[in-house]
Amino acid sequence: MKIVLDRPRCEGHGLCEEAAPQLMHVDDDGELVLDREEIDEADAALANAAARVCPVAALRVE
Amino acid sequence: MSTPPTSDVDLFADQVVLDPCPVHAELREQGPVVHLPKNGVYALTRYDVIRGALADWESFSSTSIAFNPMANQALTGTSLASDPPAHTRLRATLTENLSPRALRGLKGRIEAKADALVAELVEQGSFEAVDALARAFPLEVVADLIGFTGHVRDNMLRWGQAAMQVLGPMNQRTAENFPIAGELYAWCSEVTADDLAEGSVGRGIFDAEARGAIPEGTAGHIIHQYLGAGVDTTVAAIGNVVALFAAHPDQLDLVRAEPSLIPGAFNEVLRFWSPVNVWGRLATRDVDVEGTVIPAGAQIAVLLGAGNRDPRHYDDPDTFLVERNPVDHLSFGYGPHGCAGQGLARLEAHAVIEALSRRVKRLVAGPEVRVPSNITRSIEELPVLEVIPA
Ligand code: SF4
């Protein structure tokens, strides 16, 4: 499975990082960095939580 | 497939806009979509269909967010009322100066302002919370941020309120507010960089226009949106913070004991009392919603507050619980049109909650006064009779 970020859409609200700090973080410039894009079954719930919480629907798990 | 159930509820009747929860519950139980002939709309009532519709901009267009054609026409071409791909570009300019990224530098200043204001009110011992805090604070923050001075600053509240009122159907409230919303519109169509304080975000928008980053003549539109969308709703949210903490001292105690609950507490305030009662969309085609059909061309009424209290999504939804942390509440909308100012709203509200929870042990409030309003639901007056300091 993969986390996909629609970068132009991301506004850096950082709510995804709060939901899944193991998978992503907002860097010092306020840009979201996906620390892991390829994820396995074990992290699927976390990734889905991050995607769900993004207020502008910029994250997807596929 | 069948047609949705019908109800003779009038969403914009005084008693409904003052206290929408009972009507929301009734409609939600009737079905996920309910046809309301009195308003000429199809109302979306349940969490899942609301969130789904807000994400699906292709079926639910934003070209009809208001409930009267004049307001929709006036909004044509703004980021609020456009669909991708045009929307995507407009949105980017709108948020360039408003994203958490752009606002990072402001956090300290906003926190200091909130703290000073709350300290002063605690010192006074009693105050009228809406004027002294819910209006005063966002007014100051937004005015300084955009660079408003003089008569614009004095008119911000009136203008912001009117900009929301005119989104309603053509009732008396809408008619009375058109001239006031027109003052804002007129000012925004003539505003120049020199009218805004140096170094402000407003100046930054004009700089962007000058370097060609946004089309010529659009800076005023963006300023219009900041003011139109950002003032009235924030006033409502901060008034609700004070009222709900006064009414639920045990919940204030929880935040006092555990400041990490602050963001969650704000989410719960927004979920419990949605600042925006209703928002519009337009069905671009026949849409199947859980087995019923909304016909192409139908005006949609998105009942954000009804979704926020849907027991299918939140346990015990009618109870105010700061530990719930409903991060996925609908009050900021969702998806491509999700509130562009939510980063700023969070900065402001978190600062107010932080200052209150640090300086106040208990707030004793008198009865809140509300006046009917088309779109925003806010408290008009809230007497805090006694403050027990921390
Ligand atoms: S929550 Fe959404 S907008 Fe915010 S940083 Fe994450 S992906 Fe970007």
# chains A, B, ... in the order shown; residues from 1 in each chain; ligands from 1

call {"tool": "residues_near_ligand", "arguments": {"ligand": "ligand 1", "cutoff": "7 Å", "atoms": "only C-alpha atoms and all ligand atoms", "output": "PyMOL selection string"}}
result
chain A and resi 5+9-17+26+32+53-59

call {"tool": "closest_atom_pairs", "arguments": {"of": "chain B", "to": "chain A", "cutoff": "6 Å", "atoms": "only C-alpha atoms", "output": "JSON lines"}}
result
{"residue": "B:Ser99", "atom": "CA", "partner": "A:Glu11", "partner_atom": "CA", "distance": 5.7}
{"residue": "B:Pro100", "atom": "CA", "partner": "A:His13", "partner_atom": "CA", "distance": 5.8}
{"residue": "B:Arg101", "atom": "CA", "partner": "A:Gly30", "partner_atom": "CA", "distance": 4.8}
{"residue": "B:Asp328", "atom": "CA", "partner": "A:Val53", "partner_atom": "CA", "distance": 5.7}
{"residue": "B:Tyr334", "atom": "CA", "partner": "A:Pro55", "partner_atom": "CA", "distance": 5.4}
{"residue": "B:Gly335", "atom": "CA", "partner": "A:Val56", "partner_atom": "CA", "distance": 4.0}
{"residue": "B:Pro336", "atom": "CA", "partner": "A:Val56", "partner_atom": "CA", "distance": 5.4}
{"residue": "B:Gly338", "atom": "CA", "partner": "A:Val56", "partner_atom": "CA", "distance": 5.5}

call {"tool": "atom_distance", "arguments": {"atom1": "atom CA of B:Glu26", "atom2": "atom CA of B:Glu58"}}
result
28.9 Å

call {"tool": "atom_distance", "arguments": {"atom1": "atom CA of B:His35", "atom2": "atom CA of B:Thr6"}}
result
4.6 Å

call {"tool": "select_by_dssp", "arguments": {"residues": "stretch 299-383 of chain B", "states": "strand (DSSP E)", "output": "VMD selection string"}}
result
chain B and resid 299 to 302 360 to 365 383

call {"tool": "residues_around", "arguments": {"residues": "B:Ala243", "least_positions_apart": "2", "cutoff": "8 Å", "atoms": "only C-alpha atoms", "output": "list in words"}}
result
Gly239, Asn240, Val241, Phe245, Ala246, Ala247, Ala365, Glu368 and Leu382 of chain B

call {"tool": "closest_residue", "arguments": {"among": "A:Ala20, A:Ile39, A:Ala47, A:Val61", "to": "A:Asp6", "atoms": "only C-alpha atoms"}}
result
A:Val61

call {"tool": "atom_distance", "arguments": {"atom1": "atom CA of B:Asn97", "atom2": "atom CA of B:Lys113"}}
result
20.3 Å

call {"tool": "residues_around", "arguments": {"residues": "B:Arg281", "least_positions_apart": "6", "cutoff": "8 Å", "atoms": "only C-alpha atoms", "output": "ChimeraX atom specification"}}
result
/B:60-65,299-302

call {"tool": "residues_around", "arguments": {"residues": "B:Asp154", "least_positions_apart": "2", "cutoff": "12 Å", "atoms": "only C-alpha atoms", "output": "list in words"}}
result
Arg135, Ala136, Leu139, Glu140, Ala143, Phe148, Thr149, Gly150, His151, Val152, Met156, Leu157, Arg158, Trp159, Gly160 and Leu184 of chain B

call {"tool": "write_last_selection", "arguments": {"atoms": "all heavy atoms", "output": "short mmCIF file (atom, residue, chain, number, x, y, z; two decimals), in the first residue's frame"}}
result
data_model
loop_
_atom_site.label_atom_id
_atom_site.label_comp_id
_atom_site.auth_asym_id
_atom_site.auth_seq_id
_atom_site.Cartn_x
_atom_site.Cartn_y
_atom_site.Cartn_z
N ARG B 135 -15.90 39.27 20.22
CA ARG B 135 -15.78 40.21 19.10
C ARG B 135 -14.43 40.91 19.13
O ARG B 135 -13.78 41.06 18.09
CB ARG B 135 -16.89 41.27 19.15
CG ARG B 135 -18.27 40.70 18.91
CD ARG B 135 -19.31 41.80 18.62
NE ARG B 135 -20.62 41.20 18.44
CZ ARG B 135 -21.63 41.32 19.31
NH1 ARG B 135 -21.49 42.04 20.41
NH2 ARG B 135 -22.77 40.72 19.09
N ALA B 136 -14.03 41.35 20.30
CA ALA B 136 -12.83 42.18 20.41
C ALA B 136 -11.58 41.45 19.90
O ALA B 136 -10.77 42.02 19.17
CB ALA B 136 -12.62 42.62 21.86
N LEU B 139 -11.41 40.60 16.03
CA LEU B 139 -11.39 41.88 15.33
C LEU B 139 -9.97 42.44 15.32
O LEU B 139 -9.45 42.85 14.28
CB LEU B 139 -12.30 42.85 16.09
CG LEU B 139 -12.88 43.93 15.23
CD1 LEU B 139 -14.06 43.37 14.48
CD2 LEU B 139 -13.34 45.09 16.08
N GLU B 140 -9.36 42.40 16.48
CA GLU B 140 -8.01 42.93 16.60
C GLU B 140 -7.02 42.10 15.78
O GLU B 140 -6.20 42.63 15.05
CB GLU B 140 -7.62 42.92 18.08
CG GLU B 140 -6.59 43.96 18.43
CD GLU B 140 -6.13 43.77 19.86
OE1 GLU B 140 -7.01 43.68 20.76
OE2 GLU B 140 -4.92 43.69 20.08
N ALA B 143 -7.81 42.51 11.94
CA ALA B 143 -7.50 43.87 11.48
C ALA B 143 -6.00 44.07 11.38
O ALA B 143 -5.50 44.58 10.37
CB ALA B 143 -8.11 44.89 12.44
N PHE B 148 -6.03 46.47 8.31
CA PHE B 148 -7.14 47.42 8.31
C PHE B 148 -6.94 48.49 9.36
O PHE B 148 -6.55 48.20 10.49
CB PHE B 148 -8.48 46.72 8.63
CG PHE B 148 -8.91 45.74 7.59
CD1 PHE B 148 -9.43 44.51 7.97
CD2 PHE B 148 -8.83 46.04 6.25
CE1 PHE B 148 -9.86 43.60 7.02
CE2 PHE B 148 -9.25 45.13 5.29
CZ PHE B 148 -9.77 43.91 5.68
N THR B 149 -7.23 49.71 8.97
CA THR B 149 -7.17 50.81 9.93
C THR B 149 -8.44 51.66 9.76
O THR B 149 -9.23 51.42 8.85
CB THR B 149 -5.95 51.72 9.67
OG1 THR B 149 -6.01 52.13 8.30
CG2 THR B 149 -4.64 50.97 9.91
N GLY B 150 -8.59 52.64 10.63
CA GLY B 150 -9.63 53.66 10.47
C GLY B 150 -11.04 53.10 10.31
O GLY B 150 -11.44 52.18 11.02
N HIS B 151 -11.79 53.64 9.33
CA HIS B 151 -13.21 53.33 9.26
C HIS B 151 -13.47 51.88 8.87
O HIS B 151 -14.51 51.32 9.19
CB HIS B 151 -13.93 54.30 8.30
CG HIS B 151 -13.92 53.87 6.87
ND1 HIS B 151 -12.79 53.95 6.07
CD2 HIS B 151 -14.89 53.32 6.09
CE1 HIS B 151 -13.09 53.48 4.87
NE2 HIS B 151 -14.35 53.09 4.84
N VAL B 152 -12.51 51.24 8.21
CA VAL B 152 -12.71 49.84 7.84
C VAL B 152 -12.71 48.98 9.09
O VAL B 152 -13.55 48.10 9.29
CB VAL B 152 -11.58 49.37 6.89
CG1 VAL B 152 -11.84 47.96 6.43
CG2 VAL B 152 -11.51 50.29 5.70
N MET B 156 -15.74 46.51 10.30
CA MET B 156 -15.49 45.09 10.02
C MET B 156 -16.59 44.15 10.49
O MET B 156 -17.01 43.24 9.77
CB MET B 156 -14.17 44.66 10.66
CG MET B 156 -12.97 44.84 9.77
SD MET B 156 -11.49 44.44 10.69
CE MET B 156 -11.75 42.73 11.07
N LEU B 157 -17.05 44.35 11.71
CA LEU B 157 -18.06 43.45 12.27
C LEU B 157 -19.37 43.53 11.51
O LEU B 157 -19.95 42.51 11.14
CB LEU B 157 -18.33 43.79 13.73
CG LEU B 157 -17.47 43.09 14.75
CD1 LEU B 157 -17.83 43.59 16.13
CD2 LEU B 157 -17.69 41.58 14.67
N ARG B 158 -19.83 44.76 11.30
CA ARG B 158 -21.07 44.97 10.56
C ARG B 158 -20.97 44.34 9.18
O ARG B 158 -21.87 43.64 8.73
CB ARG B 158 -21.26 46.47 10.33
CG ARG B 158 -22.11 47.22 11.28
CD ARG B 158 -22.11 48.69 10.89
NE ARG B 158 -23.09 49.02 9.85
CZ ARG B 158 -22.78 49.62 8.70
NH1 ARG B 158 -21.53 49.91 8.38
NH2 ARG B 158 -23.74 49.92 7.85
N TRP B 159 -19.88 44.62 8.51
CA TRP B 159 -19.69 44.11 7.15
C TRP B 159 -19.59 42.59 7.14
O TRP B 159 -20.19 41.93 6.28
CB TRP B 159 -18.43 44.73 6.53
CG TRP B 159 -18.59 46.17 6.17
CD1 TRP B 159 -19.73 46.92 6.22
CD2 TRP B 159 -17.55 47.05 5.67
NE1 TRP B 159 -19.48 48.19 5.81
CE2 TRP B 159 -18.16 48.31 5.46
CE3 TRP B 159 -16.20 46.89 5.39
CZ2 TRP B 159 -17.43 49.41 4.98
CZ3 TRP B 159 -15.48 47.98 4.91
CH2 TRP B 159 -16.10 49.22 4.70
N GLY B 160 -18.82 42.06 8.07
CA GLY B 160 -18.64 40.61 8.12
C GLY B 160 -19.96 39.89 8.37
O GLY B 160 -20.27 38.87 7.75
N LEU B 184 -19.27 46.85 1.94
CA LEU B 184 -18.02 46.06 1.96
C LEU B 184 -17.54 45.80 0.53
O LEU B 184 -16.37 45.98 0.20
CB LEU B 184 -18.24 44.74 2.69
CG LEU B 184 -17.16 43.66 2.55
CD1 LEU B 184 -15.84 44.14 3.14
CD2 LEU B 184 -17.59 42.35 3.23
#
